[in-house]
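Participant: Structure incoming, see below.
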Amino acid sequence: MPILFDPIQLGAIKASNRIIMAPMSRSRATKDHIPTPMMIEYYRQRATAGLIISEGTGISQEGMGFPYAPGIWNKEQVEAWKPITRAVHDEGGKIICQLWHMGRTVHSSFYPSPISASATTAPGHAHTYDGKKAYVQARALPVDEIPRLLNDYAKAAQNAMNSGFDGVQIHAANGYLIDEFLRDSSNFRQDEYGGSIENRLRLLIEITQRVCHEVGSDRTSVRLSPNERVQGVFDSNAKSLFIAASQALSREKINFLEVREPQIGNKDNYVEKDLTEADYHPPIFPSMRENFKGNFVINGTYNGQLAQKIVKAGQVDAVSFGRPFISNPDLVEKIKTGKPFVAHDSSIWYTQDEKGYIDFK
Ligand SMILES: Cc1cc2nc3c(=O)[nH]c(=O)nc-3n(C[C@H](O)[C@H](O)[C@H](O)COP(=O)(O)O)c2cc1C
């Protein structure tokens, strides 16, 4: 069985090891969602990861509701990403772009009429440029707008390739647009995009097919988060839903499936502070893996030892790390040598500063 430090072929992308940097929003772009020069240094410092998955990157103005997060829908954004991908490549690393549509969690101060599967409202408050504001009710995306949405994904995927990314990841996790279509707590549609599991999977699969068509299935990955209530989104039968999703994505021959599933009993989780025991089902990822033929990447509360164990046991092909990469740009080296990780500090996650961003040694 391979070990964490062995290379892995992820479709067309050869990663030099199996320690992947998970996607993490860091709010260092401009107010207009254009990447900034300090992002060059941030990603360059972390290029020893086998593969970097970029922070969530807006596919369109409609899909972007996160302060100072980057986008990839216009020319200026494409140009500003180029030196970032170049810096990672110059260090021998690989980087893909996480394509993000935030669905109902886009506050109306970012975009006047946010969309979702159904006319629902996310619980809690959005971070906006004017402080925290209660979410607004989204409008249900009409079927005749779906071709336009697919075009937005296609354009963003092409833009990512033009920016020098090695591929893309479709963000279908964490309660955003695609996840809102997947799960029955937020999808009440009566048409072919709602009701049965097959129908709720339709949007994910159509987006995947379209993006694969644009950039190649060997450069397209998908992220799912089966086992959590996140931003008010959950499913009454998550296991069946996510097994079906794994089977359907397997047929599309994507280059890898990344599954975010915090380990059972480990509540060290960044957003879902209000989770109770009832929200933790037995892990679903082993059944997903059985039903997915390609490369399988797991994420959530892993440390070096646990990651090594699960890869060696052949349970997954690689592990992605989020928070540890924030304060340990040399995470791969630290895992290799058994050096302790610098602890993470959530107060510096979303500031616009260089401090807490590019000053970790
Ligand atoms: C600051 C921060 C920003 C995040 N932003 C994203 C994001 O843009 N896209 C995404 O899919 N997940 C995002 N996540 C979730 C992480 O990718 C990861 O799933 C989570 O941190 C659990 O993994 P870990 O225990 O290794 O940190 C974010 C997490 C953190 C801490």
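Identifiers for the structure tokens are assigned positionally: chains receive A, B, ... in sequence, residues are indexed from 1 per chain, and ligands are indexed from 1 in the order shown.
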How would you write, as a short mmCIF file (atom, residue, chain, number, x, y, z; two decimals) with all heavy atoms, in the first residue's frame, the set of residues no farther than 6 Å from ligand 1 when counting only C-alpha atoms and all ligand atoms?

Facilitator:
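Saved the output as selection_10.cif:
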```cif
data_model
loop_
_atom_site.label_atom_id
_atom_site.label_comp_id
_atom_site.auth_asym_id
_atom_site.auth_seq_id
_atom_site.Cartn_x
_atom_site.Cartn_y
_atom_site.Cartn_z
N ALA A 22 -6.38 21.64 1.48
CA ALA A 22 -7.83 21.78 1.29
C ALA A 22 -8.17 23.24 0.96
O ALA A 22 -7.42 24.15 1.31
CB ALA A 22 -8.56 21.35 2.57
N PRO A 23 -9.30 23.44 0.28
CA PRO A 23 -9.69 24.81 -0.08
C PRO A 23 -10.02 25.64 1.16
O PRO A 23 -10.74 25.19 2.03
CB PRO A 23 -10.95 24.59 -0.94
CG PRO A 23 -11.48 23.25 -0.51
CD PRO A 23 -10.28 22.44 -0.15
N MET A 24 -9.46 26.85 1.23
CA MET A 24 -9.75 27.72 2.38
C MET A 24 -9.85 29.18 2.00
O MET A 24 -8.87 29.79 1.55
CB MET A 24 -8.69 27.53 3.46
CG MET A 24 -8.93 26.28 4.28
SD MET A 24 -7.68 26.09 5.53
CE MET A 24 -6.25 25.82 4.51
N SER A 25 -11.02 29.75 2.21
CA SER A 25 -11.24 31.18 1.99
C SER A 25 -10.40 31.95 3.00
O SER A 25 -10.38 31.62 4.17
CB SER A 25 -12.72 31.52 2.23
OG SER A 25 -13.50 30.79 1.33
N ARG A 26 -9.71 33.00 2.52
CA ARG A 26 -8.86 33.76 3.44
C ARG A 26 -9.08 35.28 3.31
O ARG A 26 -8.40 36.07 3.97
CB ARG A 26 -7.38 33.42 3.19
CG ARG A 26 -6.98 31.96 3.42
CD ARG A 26 -7.23 31.47 4.85
NE ARG A 26 -6.72 32.38 5.85
CZ ARG A 26 -5.46 32.43 6.30
NH1 ARG A 26 -4.59 31.58 5.84
NH2 ARG A 26 -5.09 33.29 7.23
N GLU A 55 -8.68 28.45 -2.54
CA GLU A 55 -9.86 28.91 -1.80
C GLU A 55 -11.07 28.97 -2.74
O GLU A 55 -10.90 29.10 -3.97
CB GLU A 55 -9.58 30.29 -1.23
CG GLU A 55 -9.30 31.36 -2.28
CD GLU A 55 -8.43 32.49 -1.71
OE1 GLU A 55 -9.00 33.38 -1.03
OE2 GLU A 55 -7.22 32.51 -1.98
N GLY A 56 -12.25 28.91 -2.19
CA GLY A 56 -13.48 29.03 -2.98
C GLY A 56 -13.40 30.29 -3.83
O GLY A 56 -13.12 31.37 -3.32
N HIS A 171 -17.22 22.90 -6.25
CA HIS A 171 -17.55 22.94 -4.81
C HIS A 171 -19.04 22.56 -4.66
O HIS A 171 -19.93 23.36 -4.92
CB HIS A 171 -17.31 24.37 -4.30
CG HIS A 171 -17.39 24.52 -2.82
ND1 HIS A 171 -17.91 23.56 -1.98
CD2 HIS A 171 -16.99 25.54 -2.01
CE1 HIS A 171 -17.84 23.99 -0.72
NE2 HIS A 171 -17.28 25.19 -0.73
N ARG A 260 -15.41 15.76 2.51
CA ARG A 260 -15.17 16.36 3.83
C ARG A 260 -16.08 15.69 4.84
O ARG A 260 -17.30 15.81 4.76
CB ARG A 260 -15.49 17.85 3.77
CG ARG A 260 -15.30 18.50 5.11
CD ARG A 260 -15.80 19.91 5.16
NE ARG A 260 -15.61 20.39 6.53
CZ ARG A 260 -16.09 21.51 6.99
NH1 ARG A 260 -16.79 22.31 6.21
NH2 ARG A 260 -15.88 21.85 8.23
N TYR A 270 -14.92 24.02 12.25
CA TYR A 270 -14.82 25.48 12.29
C TYR A 270 -16.14 26.24 12.22
O TYR A 270 -16.25 27.30 12.77
CB TYR A 270 -13.89 25.97 11.18
CG TYR A 270 -14.52 26.05 9.82
CD1 TYR A 270 -14.85 27.26 9.26
CD2 TYR A 270 -14.80 24.89 9.12
CE1 TYR A 270 -15.44 27.33 8.02
CE2 TYR A 270 -15.38 24.96 7.88
CZ TYR A 270 -15.69 26.19 7.34
OH TYR A 270 -16.28 26.26 6.12
N ASN A 299 -11.06 14.44 3.93
CA ASN A 299 -10.70 15.67 4.65
C ASN A 299 -11.47 15.75 5.96
O ASN A 299 -12.61 15.31 6.05
CB ASN A 299 -11.06 16.89 3.78
CG ASN A 299 -11.07 18.18 4.59
OD1 ASN A 299 -12.14 18.67 4.96
ND2 ASN A 299 -9.91 18.72 4.87
N GLY A 300 -10.85 16.36 6.94
CA GLY A 300 -11.56 16.70 8.17
C GLY A 300 -10.87 16.23 9.43
O GLY A 300 -10.89 15.03 9.73
N THR A 301 -10.25 17.17 10.12
CA THR A 301 -9.65 16.94 11.44
C THR A 301 -8.57 15.85 11.44
O THR A 301 -8.40 15.18 12.45
CB THR A 301 -10.74 16.61 12.50
OG1 THR A 301 -11.50 15.48 12.07
CG2 THR A 301 -11.66 17.79 12.74
N TYR A 302 -7.84 15.71 10.34
CA TYR A 302 -6.74 14.73 10.32
C TYR A 302 -5.44 15.34 10.81
O TYR A 302 -5.21 16.53 10.63
CB TYR A 302 -6.54 14.15 8.90
CG TYR A 302 -7.60 13.11 8.61
CD1 TYR A 302 -8.84 13.48 8.12
CD2 TYR A 302 -7.38 11.78 8.93
CE1 TYR A 302 -9.84 12.55 7.92
CE2 TYR A 302 -8.38 10.84 8.73
CZ TYR A 302 -9.60 11.23 8.23
OH TYR A 302 -10.59 10.30 8.06
N PHE A 321 -5.67 18.56 4.02
CA PHE A 321 -5.57 19.26 5.30
C PHE A 321 -5.96 20.71 5.09
O PHE A 321 -5.46 21.36 4.16
CB PHE A 321 -4.12 19.23 5.83
CG PHE A 321 -3.63 17.87 6.22
CD1 PHE A 321 -3.18 16.97 5.26
CD2 PHE A 321 -3.60 17.47 7.55
CE1 PHE A 321 -2.71 15.71 5.61
CE2 PHE A 321 -3.13 16.22 7.92
CZ PHE A 321 -2.69 15.33 6.95
N GLY A 322 -6.82 21.21 5.98
CA GLY A 322 -7.20 22.61 5.92
C GLY A 322 -6.40 23.44 6.90
O GLY A 322 -5.28 23.87 6.61
N ARG A 323 -6.97 23.60 8.09
CA ARG A 323 -6.39 24.50 9.09
C ARG A 323 -4.89 24.29 9.33
O ARG A 323 -4.17 25.29 9.48
CB ARG A 323 -7.19 24.40 10.39
CG ARG A 323 -8.57 24.99 10.23
CD ARG A 323 -9.50 24.53 11.31
NE ARG A 323 -9.75 23.10 11.22
CZ ARG A 323 -10.57 22.43 12.02
NH1 ARG A 323 -11.21 23.07 12.97
NH2 ARG A 323 -10.75 21.14 11.87
N TRP A 349 -7.98 34.27 10.35
CA TRP A 349 -8.42 33.61 9.12
C TRP A 349 -8.88 34.60 8.05
O TRP A 349 -8.53 34.47 6.89
CB TRP A 349 -9.57 32.64 9.42
CG TRP A 349 -9.09 31.38 10.08
CD1 TRP A 349 -7.80 30.99 10.27
CD2 TRP A 349 -9.91 30.35 10.66
NE1 TRP A 349 -7.77 29.77 10.91
CE2 TRP A 349 -9.04 29.37 11.16
CE3 TRP A 349 -11.29 30.17 10.80
CZ2 TRP A 349 -9.50 28.21 11.79
CZ3 TRP A 349 -11.76 29.03 11.41
CH2 TRP A 349 -10.87 28.05 11.90
#
```

Participant: From a DSSP pass on the backbone, collect the residues of range 153-319 of chain A flagged as alpha helix (DSSP H) and hand them back as number ranges by chain.

Facilitator: A: 153-162, 177-182, 197-215, 238-251, 285-290, 304-312

Participant: Which of these residues is nearest to Glu354 in chain A, using only C-alpha atoms: A:Met39, A:Val106, A:Leu10, A:Leu257?

Facilitator: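 Ranked by minimum distance to Glu354 in chain A, first place goes to A:Met39.
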
Participant: Need to verify the contact set: Ala80 in chain A, 10 Å, only C-alpha atoms, exclusion of same-chain residues closer than 3 positions in sequence. Can you return it as a compact mmCIF listing (two decimals) with C-alpha atoms, in the first residue's frame?

Facilitator:
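After the write, selection_0.txt holds the following:
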```txt
# COMPACT_ATOMS: atom_id res chain seq x y z
CA ALA A 29 -8.62 39.59 -2.49
CA ILE A 34 -9.62 40.37 -7.64
CA PRO A 35 -6.66 38.38 -6.28
CA THR A 36 -3.90 40.49 -4.69
CA PRO A 37 -0.08 40.17 -4.76
CA MET A 39 -1.80 35.77 -2.42
CA ILE A 40 1.17 34.96 -4.68
CA PRO A 70 -11.61 36.08 -5.21
CA ILE A 72 -12.80 34.05 -11.78
CA LYS A 75 -10.51 39.40 -17.28
CA GLU A 76 -8.96 41.30 -14.41
CA GLN A 77 -9.41 38.30 -12.13
CA PRO A 83 1.25 35.12 -11.16
CA ILE A 84 -0.20 32.94 -8.38
CA THR A 85 -0.38 29.76 -10.45
CA SER A 163 -5.13 31.57 -15.55
```

Participant: List as a ChimeraX atom specification the protein and nucleic acid residues near range 188-199 of chain A, meaning an atom at most 10 Å away when only C-alpha atoms are counted, but skip any in the same chain fewer than 3 places from it.

Facilitator: /A:117-120,140-143,180-185,202-205,237,240-242,244-245,248

Participant: Keeping C-alpha atoms for every residue in the selection just given, could you write it to a file as an mmCIF file, in the first residue's frame?

Facilitator:
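Resulting contents of selection-v9.cif:
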```cif
data_model
loop_
_atom_site.group_PDB
_atom_site.id
_atom_site.type_symbol
_atom_site.label_atom_id
_atom_site.label_comp_id
_atom_site.auth_asym_id
_atom_site.auth_seq_id
_atom_site.Cartn_x
_atom_site.Cartn_y
_atom_site.Cartn_z
ATOM 1 C CA ALA A 117 -33.060 25.156 -5.237
ATOM 2 C CA SER A 118 -36.204 26.496 -3.540
ATOM 3 C CA ALA A 119 -37.342 29.760 -1.990
ATOM 4 C CA THR A 120 -35.619 29.257 1.369
ATOM 5 C CA ALA A 140 -35.991 29.228 -6.601
ATOM 6 C CA LEU A 141 -33.879 28.939 -9.738
ATOM 7 C CA PRO A 142 -36.281 28.500 -12.674
ATOM 8 C CA VAL A 143 -35.505 25.616 -15.035
ATOM 9 C CA GLU A 180 -28.825 23.026 -1.557
ATOM 10 C CA PHE A 181 -30.054 21.125 -4.615
ATOM 11 C CA LEU A 182 -28.708 17.802 -3.293
ATOM 12 C CA ARG A 183 -30.358 17.684 0.113
ATOM 13 C CA ASP A 184 -33.987 17.401 1.073
ATOM 14 C CA SER A 185 -33.863 20.074 3.803
ATOM 15 C CA ARG A 202 -29.276 16.244 -11.640
ATOM 16 C CA LEU A 203 -27.775 19.711 -11.232
ATOM 17 C CA LEU A 204 -24.493 18.372 -9.815
ATOM 18 C CA ILE A 205 -24.148 15.927 -12.684
ATOM 19 C CA ASN A 237 -31.087 9.891 4.231
ATOM 20 C CA SER A 240 -28.292 6.788 0.223
ATOM 21 C CA LEU A 241 -27.932 10.231 -1.305
ATOM 22 C CA PHE A 242 -24.159 10.297 -1.146
ATOM 23 C CA ALA A 244 -25.785 7.590 -5.340
ATOM 24 C CA ALA A 245 -23.707 10.744 -5.835
ATOM 25 C CA ALA A 248 -22.951 9.014 -10.596
#
```

Participant: Please, what distance in Å, to one decimal, runs between CA of Ala313 in chain A and CA of Ile20 in chain A?

Facilitator: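 Distance reported for this atom pair: 17.9 Å.
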
Participant: Skip range 155-160 of chain A itself and residues of its chain fewer than 6 positions away, then list as a ChimeraX atom specification all residues within 10 Å of it, counting only C-alpha atoms.

Facilitator: /A:57-60,71-75,77-79,81-82,85,96-100,149,166-170,210-215,220

Participant: Measuring between only C-alpha atoms, which one of A:Lys94, A:Lys31, A:Arg251, A:Lys293 shows the shortest distance to Gly164 in chain A?

Facilitator: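 Checking each of A:Lys94, A:Lys31, A:Arg251, A:Lys293 against Gly164 in chain A, counting only C-alpha atoms, the winner is A:Lys94.
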